[in-house]
file structure_2.txt (compact mmCIF, C-alpha atoms and all ligand atoms)
# COMPACT_ATOMS: atom_id res chain seq x y z
CA MET Z 1 0.00 0.00 0.00
CA LYS Z 2 1.26 3.45 -0.92
CA LYS Z 3 2.59 5.36 2.07
CA ARG Z 4 1.12 8.78 2.84
CA TRP Z 5 2.81 11.66 4.67
CA TYR Z 6 0.90 10.88 7.84
CA ASP Z 7 2.32 7.36 7.95
CA TYR Z 8 5.59 8.96 9.02
CA LEU Z 9 4.30 10.89 11.99
CA TRP Z 10 6.14 8.45 14.27
CA ILE Z 11 9.24 10.43 13.26
CA ALA Z 12 7.66 13.62 14.64
CA SER Z 13 6.88 11.82 17.91
CA SER Z 14 10.45 10.56 18.22
CA VAL Z 15 11.89 13.99 17.42
CA TYR Z 16 9.63 15.53 20.06
CA PHE Z 17 11.23 13.44 22.80
CA LEU Z 18 14.71 14.16 21.51
CA LEU Z 19 14.00 17.89 21.50
CA GLY Z 20 12.97 17.63 25.15
CA PHE Z 21 16.54 16.57 25.90
CA VAL Z 22 17.91 19.61 24.13
CA ASN Z 23 15.54 22.31 25.32
CA ILE Z 24 12.63 21.63 27.65
CA LEU Z 25 10.61 24.49 26.14
CA PHE Z 26 9.91 22.27 23.12
CA ALA Z 27 7.58 20.35 25.46
CA TRP Z 28 4.92 22.93 24.60
CA LEU Z 29 4.66 21.38 21.12
CA GLY Z 30 3.09 18.33 22.78
CA LEU Z 31 -0.10 20.32 23.28
CA VAL Z 32 -0.84 19.57 19.63
CA CYS Z 33 -1.21 15.88 20.55
CA PHE Z 34 -3.43 16.90 23.42
CA PHE Z 35 -5.87 19.20 21.66
CA LEU Z 36 -5.90 17.91 18.08
CA PRO Z 37 -7.57 14.54 18.84
CA LEU Z 38 -10.28 16.34 20.83
CA ILE Z 39 -10.84 18.99 18.14
CA ILE Z 40 -11.07 16.33 15.41
CA SER Z 41 -13.52 14.27 17.44
CA VAL Z 42 -15.68 17.26 18.39
CA ALA Z 43 -15.69 18.35 14.73
CA GLY Z 44 -17.17 14.99 13.78
CA GLY Z 45 -13.97 13.22 12.76
CA GLY Z 46 -14.46 10.43 15.27
CA LYS Z 47 -11.23 8.61 15.88
CA THR Z 48 -9.50 9.81 12.75
CA TYR Z 49 -6.63 11.10 14.86
CA CYS Z 50 -6.03 7.68 16.43
CA ASN Z 51 -6.44 5.82 13.18
CA ARG Z 52 -4.37 8.11 11.04
CA TYR Z 53 -2.42 10.89 12.71
CA CYS Z 54 -1.15 9.58 16.03
CA GLY Z 55 2.64 9.38 15.80
CA ARG Z 56 2.91 7.70 19.16
CA GLY Z 57 0.56 4.88 18.15
CA GLN Z 58 2.59 4.47 14.96
CA LEU Z 59 5.79 4.35 16.99
CA PHE Z 60 4.46 1.49 19.14
CA ALA Z 61 3.31 -0.35 16.01
CA LEU Z 62 6.76 0.06 14.50
CA LEU Z 63 8.75 -0.93 17.59
CA GLY Z 64 6.49 -3.81 18.54
CA GLY Z 65 5.56 -4.91 15.05
CA ARG Z 66 8.37 -4.49 12.54
CA LEU Z 67 11.17 -4.39 15.11
CA GLY Z 68 9.72 -7.32 17.03
CA LEU Z 69 9.95 -5.76 20.50
CA SER Z 70 6.53 -7.02 21.50
CA ARG Z 71 5.39 -10.40 22.82
CA LYS Z 72 2.21 -9.82 20.80
CA LYS Z 73 -0.04 -11.32 23.46
CA ASP Z 74 -3.60 -10.18 23.97
CA PRO Z 75 -3.81 -7.52 26.68
CA PRO Z 76 -5.45 -8.84 29.86
CA LYS Z 77 -9.17 -8.33 30.32
CA PHE Z 78 -8.80 -5.86 33.19
CA LEU Z 79 -6.82 -3.52 30.94
CA ARG Z 80 -9.74 -3.38 28.54
CA SER Z 81 -12.40 -3.04 31.21
CA LYS Z 82 -14.38 0.16 31.61
CA TRP Z 83 -13.41 0.64 35.23
CA PHE Z 84 -9.72 0.53 34.38
CA ARG Z 85 -9.97 2.84 31.36
CA TYR Z 86 -12.13 5.40 33.16
CA GLY Z 87 -10.17 4.98 36.38
CA PHE Z 88 -6.96 5.67 34.51
CA LEU Z 89 -8.53 8.68 32.81
CA ILE Z 90 -9.50 10.12 36.23
CA PHE Z 91 -6.03 9.42 37.59
CA PHE Z 92 -4.52 11.07 34.52
CA PHE Z 93 -6.63 14.18 35.08
CA ILE Z 94 -5.68 14.37 38.76
CA MET Z 95 -2.02 14.27 37.76
CA PHE Z 96 -2.60 16.77 34.96
CA PHE Z 97 -4.28 19.27 37.29
CA GLN Z 98 -1.57 18.78 39.86
CA MET Z 99 0.93 19.75 37.16
CA LEU Z 100 -1.15 22.85 36.36
CA TRP Z 101 -1.30 23.68 40.08
CA ASN Z 102 2.49 23.54 40.32
CA THR Z 103 2.68 25.81 37.29
CA TRP Z 104 0.30 28.22 39.02
CA LEU Z 105 2.39 28.23 42.21
CA VAL Z 106 5.46 29.19 40.20
CA PHE Z 107 3.44 31.87 38.39
CA GLU Z 108 2.37 33.28 41.78
CA GLY Z 109 5.91 33.18 43.12
CA ALA Z 110 4.85 30.80 45.90
CA GLN Z 111 7.21 28.14 44.67
CA GLY Z 112 10.56 28.06 42.88
CA LEU Z 113 11.23 26.43 39.55
CA HIS Z 114 11.75 22.65 39.74
CA GLN Z 115 14.08 21.59 36.96
CA VAL Z 116 13.17 17.92 37.07
CA VAL Z 117 11.20 15.53 34.91
CA LYS Z 118 8.98 13.20 36.93
CA LEU Z 119 8.84 9.74 35.44
CA LEU Z 120 5.84 7.58 36.35
CA TRP Z 121 4.71 10.39 38.70
CA THR Z 122 7.30 9.45 41.30
CA ILE Z 123 10.86 9.18 39.93
CA LYS Z 124 12.50 12.60 39.78
CA LEU Z 125 15.02 12.74 36.96
CA PRO Z 126 17.47 15.67 36.95
CA TRP Z 127 16.90 17.53 33.69
CA GLN Z 128 18.54 20.90 34.26
CA TRP Z 129 20.71 20.64 31.15
CA ALA Z 130 17.59 21.14 29.03
CA TYR Z 131 16.92 24.58 30.50
CA HIS Z 132 19.27 27.32 29.43
CA GLY Z 133 17.92 30.21 31.48
CA GLU Z 134 16.10 31.80 28.58
CA THR Z 135 14.15 34.96 29.11
CA VAL Z 136 10.96 33.00 29.38
CA ALA Z 137 8.59 33.34 32.33
CA PRO Z 138 9.40 30.71 34.98
CA TRP Z 139 5.81 29.42 34.97
CA ALA Z 140 6.15 28.63 31.25
CA VAL Z 141 9.32 26.68 31.99
CA GLN Z 142 7.63 24.85 34.89
CA PHE Z 143 4.78 23.90 32.57
CA SER Z 144 7.35 22.53 30.11
CA PHE Z 145 8.91 20.28 32.75
CA GLY Z 146 5.49 19.12 33.94
CA PHE Z 147 4.04 18.51 30.51
CA TYR Z 148 7.12 16.72 29.26
CA SER Z 149 6.91 14.50 32.36
CA ILE Z 150 3.38 13.51 31.39
CA MET Z 151 4.33 12.84 27.77
CA LEU Z 152 7.38 10.81 28.74
CA THR Z 153 5.49 8.84 31.39
CA SER Z 154 2.68 7.90 29.02
CA THR Z 155 5.21 6.84 26.38
CA VAL Z 156 7.16 4.71 28.85
CA LEU Z 157 3.90 3.09 29.98
CA GLY Z 158 3.02 2.54 26.33
CA ILE Z 159 6.39 0.90 25.65
CA ILE Z 160 6.05 -1.39 28.69
CA THR Z 161 2.54 -2.37 27.62
CA MET Z 162 3.77 -2.85 24.05
CA ALA Z 163 6.56 -5.16 25.22
CA PHE Z 164 4.28 -7.40 27.29
CA PHE Z 165 1.21 -7.41 25.06
CA LYS Z 166 0.34 -6.39 21.50
CA PRO Z 167 2.21 -3.39 20.03
CA ARG Z 168 -0.61 -0.88 20.41
CA SER Z 169 -2.05 -2.19 23.66
CA TRP Z 170 -1.47 1.24 25.22
CA CYS Z 171 -4.30 2.50 22.99
CA VAL Z 172 -6.69 0.33 25.00
CA TYR Z 173 -6.39 2.65 28.03
CA CYS Z 174 -4.76 5.78 26.57
CA PRO Z 175 -6.55 8.77 28.14
CA MET Z 176 -6.74 10.57 24.79
CA GLY Z 177 -8.31 7.50 23.21
CA THR Z 178 -10.80 7.23 26.07
CA MET Z 179 -11.72 10.90 25.77
CA THR Z 180 -12.22 10.79 22.01
CA GLN Z 181 -14.25 7.64 22.51
CA LEU Z 182 -16.48 9.43 24.99
CA ILE Z 183 -16.93 12.27 22.49
CA CYS Z 184 -17.81 9.69 19.82
CA LYS Z 185 -20.39 8.16 22.11
CA ALA Z 186 -21.88 11.50 23.04
CA LYS Z 187 -22.13 12.54 19.40
CA ALA Z 188 -23.49 9.22 18.20
CA GLY Z 189 -26.20 9.19 20.85
CA LYS Z 190 -27.90 6.11 22.17
CA SER Z 191 -29.96 5.48 19.07
CA VAL Z 192 -27.00 5.20 16.76
CA SER Z 193 -24.86 2.13 16.70
CA LEU Z 194 -21.35 2.80 17.92
CA ALA Z 195 -19.94 0.42 15.38
CA ARG Z 196 -19.18 2.97 12.67
CA ASN Z 197 -16.42 0.82 11.46
CA ASP Z 198 -15.11 2.43 8.30
CA ALA Z 199 -11.37 2.09 8.40
CA GLU Z 200 -10.71 5.82 8.49
CA ASN Z 201 -13.15 6.86 11.15
CA THR Z 202 -13.61 4.15 13.69
CA CYS Z 203 -15.92 4.89 16.55
CA THR Z 204 -15.83 1.69 18.50
CA ILE Z 205 -15.08 1.21 22.18
CA GLN Z 206 -11.43 2.00 21.64
CA SER Z 207 -9.40 2.79 18.58
CA GLU Z 208 -9.41 0.04 16.02
CA GLN Z 209 -5.67 -0.41 16.24
CA GLY Z 210 -5.90 -0.45 20.00
CA ARG Z 211 -8.48 -3.18 20.11
CA ARG Z 212 -6.55 -5.26 17.67
CA GLY Z 213 -3.34 -4.24 19.39
CA THR Z 214 -1.66 -4.16 16.02
S1 LIG Z 301 -5.41 5.77 21.70
FE1 LIG Z 301 -3.84 7.30 22.26
S2 LIG Z 301 -1.85 6.45 21.59
FE2 LIG Z 301 -3.49 5.25 20.64
S3 LIG Z 301 -3.74 6.14 18.64
FE3 LIG Z 301 -5.24 7.16 19.99
S4 LIG Z 301 -4.22 8.97 20.83
FE4 LIG Z 301 -2.66 7.66 19.90
call {"tool": "encode", "arguments": {"input": "structure_2.txt", "output": "structure tokens"}}
result
Amino acid sequence: MKKRWYDYLWIASSVYFLLGFVNILFAWLGLVCFFLPLIISVAGGGKTYCNRYCGRGQLFALLGGRLGLSRKKDPPKFLRSKWFRYGFLIFFFIMFFQMLWNTWLVFEGAQGLHQVVKLLWTIKLPWQWAYHGETVAPWAVQFSFGFYSIMLTSTVLGIITMAFFKPRSWCVYCPMGTMTQLICKAKAGKSVSLARNDAENTCTIQSEQGRRGT
């Protein structure tokens, strides 16, 4: 099948993480991956972002599929259950708002700048080399560290899940996937079947790739 430009978005995802090593302010670019899936879903595009434009999903497919870094086992049932997906979404939001709160404290001057990246919400990695004392407001820098921590944590979780299960098993409980799914459901309404299964615009319980774990 002929490759399209968006089949190479895994390169953009990889570059994003590399840029975070060079200058933490590049973390702001990750907001595109945060808002774009929601905007596409709200605009009626369903899960087009997941099925076509998600570089991170492509990266897992590449590492686990072509590079063989995945055991390619079905993800366990609990991972696919509603309580886990929604529970993880709530947990994700709590962590996200905590990050915003820390940004606010720096903005207010109540707290100094923490030049660390928090991996898996607990492990503090020194990251000061990626901040060069630019003339940027400290709160903007704090947001960069916090947001990059979230992006890195979700990618590490995705890689662990990819290694143990199918390549795109992270998509089963990815908060962005759950949110776009909820938007799909809300837009489809109860009367409409959720199984709009055209390949480009899947609106099933999770992204098509995620369910298949391909
Ligand atoms: S579920 Fe998440 S990681 Fe998977 S394709 Fe969608 S946005 Fe990307």
call {"tool": "closest_residue", "arguments": {"input": "structure_2.txt", "among": "Z:Thr122, Z:Thr153, Z:Ser81, Z:Gln181", "to": "ligand LIG 301 (chain Z)", "atoms": "all atoms listed in the file"}}
result
Z:Gln181
call {"tool": "residues_near_ligand", "arguments": {"input": "structure_2.txt", "ligand": "ligand LIG 301 (chain Z)", "cutoff": "6 Å", "atoms": "all atoms listed in the file", "output": "PDB file with C-alpha atoms, in the coordinates of the input"}}
result
ATOM      1  CA  CYS Z  50      -6.030   7.680  16.430  1.00  0.00           C
ATOM      2  CA  CYS Z  54      -1.150   9.580  16.030  1.00  0.00           C
ATOM      3  CA  ARG Z  56       2.910   7.700  19.160  1.00  0.00           C
ATOM      4  CA  GLY Z  57       0.560   4.880  18.150  1.00  0.00           C
ATOM      5  CA  CYS Z 171      -4.300   2.500  22.990  1.00  0.00           C
ATOM      6  CA  CYS Z 174      -4.760   5.780  26.570  1.00  0.00           C
ATOM      7  CA  MET Z 176      -6.740  10.570  24.790  1.00  0.00           C
ATOM      8  CA  GLY Z 177      -8.310   7.500  23.210  1.00  0.00           C
ATOM      9  CA  SER Z 207      -9.400   2.790  18.580  1.00  0.00           C
TER      10      SER Z 207
END
call {"tool": "closest_residue", "arguments": {"input": "structure_2.txt", "among": "Z:Phe34, Z:Gln58, Z:Ile39, Z:Gly158", "to": "Ser13 of chain Z", "atoms": "only C-alpha atoms"}}
result
Z:Gln58
call {"tool": "residues_near_point", "arguments": {"input": "structure_2.txt", "point": "(23.3, 21.2, 29.4)", "cutoff": "10 Å", "atoms": "only C-alpha atoms", "output": "PDB file with C-alpha atoms, keeping the file's coordinate frame"}}
result
ATOM      1  CA  PHE Z  21      16.540  16.570  25.900  1.00  0.00           C
ATOM      2  CA  VAL Z  22      17.910  19.610  24.130  1.00  0.00           C
ATOM      3  CA  ASN Z  23      15.540  22.310  25.320  1.00  0.00           C
ATOM      4  CA  TRP Z 127      16.900  17.530  33.690  1.00  0.00           C
ATOM      5  CA  GLN Z 128      18.540  20.900  34.260  1.00  0.00           C
ATOM      6  CA  TRP Z 129      20.710  20.640  31.150  1.00  0.00           C
ATOM      7  CA  ALA Z 130      17.590  21.140  29.030  1.00  0.00           C
ATOM      8  CA  TYR Z 131      16.920  24.580  30.500  1.00  0.00           C
ATOM      9  CA  HIS Z 132      19.270  27.320  29.430  1.00  0.00           C
TER      10      HIS Z 132
END
call {"tool": "closest_residue", "arguments": {"input": "structure_2.txt", "among": "Z:Pro126, Z:Gly68, Z:Gly146, Z:Gly46", "to": "Thr103 of chain Z", "atoms": "all atoms listed in the file"}}
result
Z:Gly146
call {"tool": "closest_residue", "arguments": {"input": "structure_2.txt", "among": "Z:Trp28, Z:Tyr53, Z:Phe35, Z:Phe60", "to": "Asp7 of chain Z", "atoms": "all atoms listed in the file"}}
result
Z:Tyr53
call {"tool": "residues_around", "arguments": {"input": "structure_2.txt", "residues": "Leu63 of chain Z", "least_positions_apart": "2", "cutoff": "12 Å", "atoms": "only C-alpha atoms", "output": "ChimeraX atom specification"}}
result
/Z:10,14,56-61,65-72,158-163,166-168,214
call {"tool": "atom_distance", "arguments": {"input": "structure_2.txt", "atom1": "atom CA of Leu152 of chain Z", "atom2": "atom CA of Lys3 of chain Z"}}
result
27.6 Å
call {"tool": "atom_distance", "arguments": {"input": "structure_2.txt", "atom1": "atom CA of Cys33 of chain Z", "atom2": "atom CA of Trp5 of chain Z"}}
result
16.9 Å
call {"tool": "atom_distance", "arguments": {"input": "structure_2.txt", "atom1": "atom CA of Lys82 of chain Z", "atom2": "atom CA of Met179 of chain Z"}}
result
12.5 Å
call {"tool": "residues_around", "arguments": {"input": "structure_2.txt", "residues": "Leu105 of chain Z", "least_positions_apart": "6", "cutoff": "10 Å", "atoms": "only C-alpha atoms", "output": "list in words"}}
result
Met99, Gln111, Gly112, Leu113, Trp139 and Gln142 of chain Z
call {"tool": "write_last_selection", "arguments": {"input": "structure_2.txt", "atoms": "C-alpha atoms", "output": "CSV table (one decimal), keeping the file's coordinate frame"}}
result
chain,number,residue,atom,x,y,z
Z,99,MET,CA,0.9,19.8,37.2
Z,111,GLN,CA,7.2,28.1,44.7
Z,112,GLY,CA,10.6,28.1,42.9
Z,113,LEU,CA,11.2,26.4,39.6
Z,139,TRP,CA,5.8,29.4,35.0
Z,142,GLN,CA,7.6,24.8,34.9
call {"tool": "closest_residue", "arguments": {"input": "structure_2.txt", "among": "Z:Ile150, Z:Leu36, Z:Ala137, Z:Leu29", "to": "Ile94 of chain Z", "atoms": "all atoms listed in the file"}}
result
Z:Ile150
call {"tool": "closest_residue", "arguments": {"input": "structure_2.txt", "among": "Z:His114, Z:Arg4, Z:Arg80, Z:Lys124", "to": "Phe145 of chain Z", "atoms": "only C-alpha atoms"}}
result
Z:His114
